[in-house]
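Enquirer: Structure below; questions to follow.
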Amino acid sequence: MSRVHIQGLQIRYGDVEVIPQLDLDVQPGEFLVLLGPSGCGKSTLLHSIAGLNAISGGRIDIGGQDMTHAEPSARGVGMVFQSYALYPHLSVRDNLGFPLRMAGMARPQIAERVAKAAAMLQLEALLDRRPGQLSGGQRQRVAIGRALVREAQVLLLDEPLSNLDAKLRAELRRELKLLHAQLRNTMIYVTHDQVEAMTLATRIVVMNQGRIEQIGTPAQVYDTPATRHVAAFVGSPTINLVDGSVRGERFEAPGLAWPLAVGDAPALTLGVRPEDLIVAPGQPLQGTVELVEPLGSQHLLWIAGAGRRWCALLPGPAQVGLGDGVRFGLPAQRLHAFGPDGRRVPLVGEHAAPAVLA
Ligand SMILES: Nc1ncnc2c1ncn2[C@@H]1O[C@H](COP(=O)(O)OP(=O)(O)OP(=O)(O)O)[C@@H](O)[C@H]1O
Ligand SMILES: [Mg+2]
């Protein structure tokens, strides 16, 4: 198990600052997920750990050794890319053994490692096939296997499941989690899929424009988002956000006034997750159903009311239809507030501690 310690990392391409300044400490055996929108620098960060791109400044230690300028092959990391990049003319067996042959390993030892990885990834029956004779999920397993055979202490995975359909994706996601439980190596996993991040991570790093916005457990990031960006990026459907102001412990926005235990603020954004919105008779706000989206065990209700559109996630099938009137309210204990700089503003009674800001 290896620790990955990044200090003051800077990456510039010409005038473009992709990563202005980044510190990150990945614990041995951790499943760390880098989450963020397209173009925020996730792959760039991963590639710099693998030694695949030039860095402009900073230091990267892997397993207690300074690897800032080490060759990729000397870093003790395995990498799985988004596109499987298998050799089409080689069998699964030879694809798996390829990195070991390149490293000059003896044949019997290669066979042993390949057999072990194939067993772990349920590829045993497919060893003599070529990539063209495999499904997408099977190909992706081979790509993961090729990173595993090197028995690297650190595995870097760049959106390894994004080419797969939803069902296969969920299946391989669970396999990866089991694999990690078995191997206990350090994994750094890039995704922009927040379900993947929530289900796999021991800790999530939420990135935005080359910077870290928050590092925390999935629960910390979801329940106590440190910034408006994190709140909006993590959670599906997206959190309801209302821009307004506060005077005399009252939040005010066009069409909405709501008690809020926080000091006066000329600008404040209030956030309510769809599953926290209260839809029930007797609630203070009046709305009209604009759209119903059944999800099987739950449904989404889009409500027009109090000056905007709200999304509510409710259990079971919908009891109301298009155009129906509903009463709704905001949950006193489950509100999020963000200042004009985007940072979380603690409400009275809220523990300030859980939000881990990078
Ligand atoms: N070689 C390069 N030269 C110039 N700019 C680059 C280079 N590589 C990446 N970039 C820029 O760096 C930024 C981050 O790219 P990166 O590939 O790390 O994003 P990402 O978070 O992995 O996005 P995605 O989710 O789309 O894969 C982008 O704006 C990209 O255009
Ligand atoms: Mg990328």
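Identifiers in the structure tokens: chain A, B, ... in order shown; residue index from 1 per chain; ligand index from 1 in order shown.
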Might you pull out every residue within 7 Å of segment 35-45 of chain A, with only C-alpha atoms counted and same-chain residues fewer than 5 positions away left off, and present them as a PyMOL selection string?

Expert: chain A and resi 18-19+158+190-192+197+204-210

Enquirer: With a distance cut-off of 9 Å and only C-alpha atoms, select the neighbouring residues of Ala54 of chain A, excluding the residue or stretch itself and same-chain residues fewer than 4 positions from it, and output the selection as a PyMOL selection string.

Expert: chain A and resi 11-12+48+69

Enquirer: What does the file look like for those residues with N, CA, C and O atoms, as a PDB file, in the first residue's frame?

Expert:
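Saved to again_36.pdb:
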ATOM      1  N   ILE A  11       0.315  23.034 -13.156  1.00  0.00           N
ATOM      2  CA  ILE A  11       0.402  22.589 -14.547  1.00  0.00           C
ATOM      3  C   ILE A  11      -0.097  23.690 -15.465  1.00  0.00           C
ATOM      4  O   ILE A  11      -1.216  24.191 -15.336  1.00  0.00           O
ATOM      5  N   ARG A  12       0.765  24.087 -16.360  1.00  0.00           N
ATOM      6  CA  ARG A  12       0.475  25.158 -17.309  1.00  0.00           C
ATOM      7  C   ARG A  12       0.750  24.663 -18.712  1.00  0.00           C
ATOM      8  O   ARG A  12       1.743  23.972 -18.947  1.00  0.00           O
ATOM      9  N   SER A  48      -0.383  13.388 -14.300  1.00  0.00           N
ATOM     10  CA  SER A  48       0.851  13.876 -13.677  1.00  0.00           C
ATOM     11  C   SER A  48       1.305  12.929 -12.565  1.00  0.00           C
ATOM     12  O   SER A  48       2.500  12.803 -12.320  1.00  0.00           O
ATOM     13  N   HIS A  69      10.043  13.566 -10.988  1.00  0.00           N
ATOM     14  CA  HIS A  69      10.602  13.507 -12.336  1.00  0.00           C
ATOM     15  C   HIS A  69      10.934  12.083 -12.773  1.00  0.00           C
ATOM     16  O   HIS A  69      11.649  11.884 -13.745  1.00  0.00           O
TER      17      HIS A  69
END

Enquirer: Within 10 Å of Trp302 of chain A, counting only C-alpha atoms, which residues qualify if same-chain residues fewer than 2 places away don't, as a list in words?

Expert: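 Those residues are Pro274, Gly287, Thr288, Val289, Glu290, Leu291, Val292, Glu293, His299, Leu300, Ala304, Gly305, Arg309, Trp310, Cys311, Ala312, Leu313 and Leu322 of chain A.
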
Enquirer: Could you write those residues out with N, CA and C atoms, as a PDB file, in the first residue's frame?

Expert:
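As a result, part19.pdb now contains:
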ATOM      1  N   PRO A 274     -33.820  17.902  -3.401  1.00  0.00           N
ATOM      2  CA  PRO A 274     -35.163  17.480  -3.813  1.00  0.00           C
ATOM      3  C   PRO A 274     -35.831  16.514  -2.828  1.00  0.00           C
ATOM      4  N   GLY A 287     -48.235  25.715  -4.650  1.00  0.00           N
ATOM      5  CA  GLY A 287     -47.633  25.500  -5.959  1.00  0.00           C
ATOM      6  C   GLY A 287     -48.540  24.697  -6.873  1.00  0.00           C
ATOM      7  N   THR A 288     -48.098  24.583  -8.144  1.00  0.00           N
ATOM      8  CA  THR A 288     -48.836  23.824  -9.148  1.00  0.00           C
ATOM      9  C   THR A 288     -47.897  22.791  -9.769  1.00  0.00           C
ATOM     10  N   VAL A 289     -48.395  21.595  -9.962  1.00  0.00           N
ATOM     11  CA  VAL A 289     -47.566  20.545 -10.552  1.00  0.00           C
ATOM     12  C   VAL A 289     -47.343  20.839 -12.038  1.00  0.00           C
ATOM     13  N   GLU A 290     -46.069  20.968 -12.429  1.00  0.00           N
ATOM     14  CA  GLU A 290     -45.714  21.256 -13.827  1.00  0.00           C
ATOM     15  C   GLU A 290     -45.360  20.007 -14.598  1.00  0.00           C
ATOM     16  N   LEU A 291     -44.821  19.024 -13.881  1.00  0.00           N
ATOM     17  CA  LEU A 291     -44.347  17.807 -14.546  1.00  0.00           C
ATOM     18  C   LEU A 291     -44.191  16.713 -13.501  1.00  0.00           C
ATOM     19  N   VAL A 292     -44.543  15.484 -13.888  1.00  0.00           N
ATOM     20  CA  VAL A 292     -44.315  14.333 -13.014  1.00  0.00           C
ATOM     21  C   VAL A 292     -43.393  13.364 -13.746  1.00  0.00           C
ATOM     22  N   GLU A 293     -42.334  12.938 -13.093  1.00  0.00           N
ATOM     23  CA  GLU A 293     -41.432  11.946 -13.695  1.00  0.00           C
ATOM     24  C   GLU A 293     -41.388  10.708 -12.805  1.00  0.00           C
ATOM     25  N   HIS A 299     -40.794   9.111  -7.357  1.00  0.00           N
ATOM     26  CA  HIS A 299     -41.123   9.976  -8.491  1.00  0.00           C
ATOM     27  C   HIS A 299     -40.622  11.394  -8.243  1.00  0.00           C
ATOM     28  N   LEU A 300     -40.396  12.107  -9.347  1.00  0.00           N
ATOM     29  CA  LEU A 300     -40.002  13.508  -9.253  1.00  0.00           C
ATOM     30  C   LEU A 300     -41.212  14.365  -9.546  1.00  0.00           C
ATOM     31  N   ALA A 304     -44.297  24.517  -9.736  1.00  0.00           N
ATOM     32  CA  ALA A 304     -44.150  25.966  -9.926  1.00  0.00           C
ATOM     33  C   ALA A 304     -44.824  26.639  -8.737  1.00  0.00           C
ATOM     34  N   GLY A 305     -44.054  27.460  -8.007  1.00  0.00           N
ATOM     35  CA  GLY A 305     -44.628  28.134  -6.843  1.00  0.00           C
ATOM     36  C   GLY A 305     -43.584  28.962  -6.143  1.00  0.00           C
ATOM     37  N   ARG A 309     -39.338  27.444  -9.978  1.00  0.00           N
ATOM     38  CA  ARG A 309     -39.645  26.029 -10.138  1.00  0.00           C
ATOM     39  C   ARG A 309     -38.838  25.223  -9.123  1.00  0.00           C
ATOM     40  N   TRP A 310     -39.489  24.249  -8.497  1.00  0.00           N
ATOM     41  CA  TRP A 310     -38.847  23.398  -7.495  1.00  0.00           C
ATOM     42  C   TRP A 310     -38.900  21.948  -7.962  1.00  0.00           C
ATOM     43  N   CYS A 311     -37.922  21.197  -7.519  1.00  0.00           N
ATOM     44  CA  CYS A 311     -37.943  19.760  -7.789  1.00  0.00           C
ATOM     45  C   CYS A 311     -38.042  19.016  -6.459  1.00  0.00           C
ATOM     46  N   ALA A 312     -39.026  18.105  -6.390  1.00  0.00           N
ATOM     47  CA  ALA A 312     -39.176  17.284  -5.182  1.00  0.00           C
ATOM     48  C   ALA A 312     -39.039  15.819  -5.560  1.00  0.00           C
ATOM     49  N   LEU A 313     -38.288  15.068  -4.746  1.00  0.00           N
ATOM     50  CA  LEU A 313     -38.154  13.619  -4.955  1.00  0.00           C
ATOM     51  C   LEU A 313     -38.967  12.934  -3.866  1.00  0.00           C
ATOM     52  N   LEU A 322     -50.545  16.590 -13.506  1.00  0.00           N
ATOM     53  CA  LEU A 322     -50.276  17.867 -14.137  1.00  0.00           C
ATOM     54  C   LEU A 322     -51.347  18.904 -13.802  1.00  0.00           C
TER      55      LEU A 322
END

Enquirer: Enumerate the residues of segment 193-305 of chain A with a DSSP assignment of helix (DSSP H, G or I), computed from the backbone, and present them as a list in words.

Expert: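 Matching residues for helix (DSSP H, G or I) in segment 193-305 of chain A are Gln194, Val195, Glu196, Ala197, Met198, Thr199, Leu200, Pro218, Ala219, Gln220, Val221, Tyr222, Asp223, Arg228, His229, Val230, Ala231, Ala232 and Phe233 of chain A.
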
Enquirer: Suppose you want the space between atom CA of Leu52 of chain A and atom CA of Leu161 of chain A; what is it in Å?

Expert: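 Separating atom CA of Leu52 of chain A from atom CA of Leu161 of chain A is a distance of 21.0 Å.
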
Enquirer: As a VMD selection string, which residues of segment 1-206 of chain A does DSSP assign to strand (DSSP E or B)?

Expert: chain A and resid 4 to 13 16 to 26 31 to 35 57 to 62 65 to 66 77 to 80 154 to 158 186 to 191 203 to 206
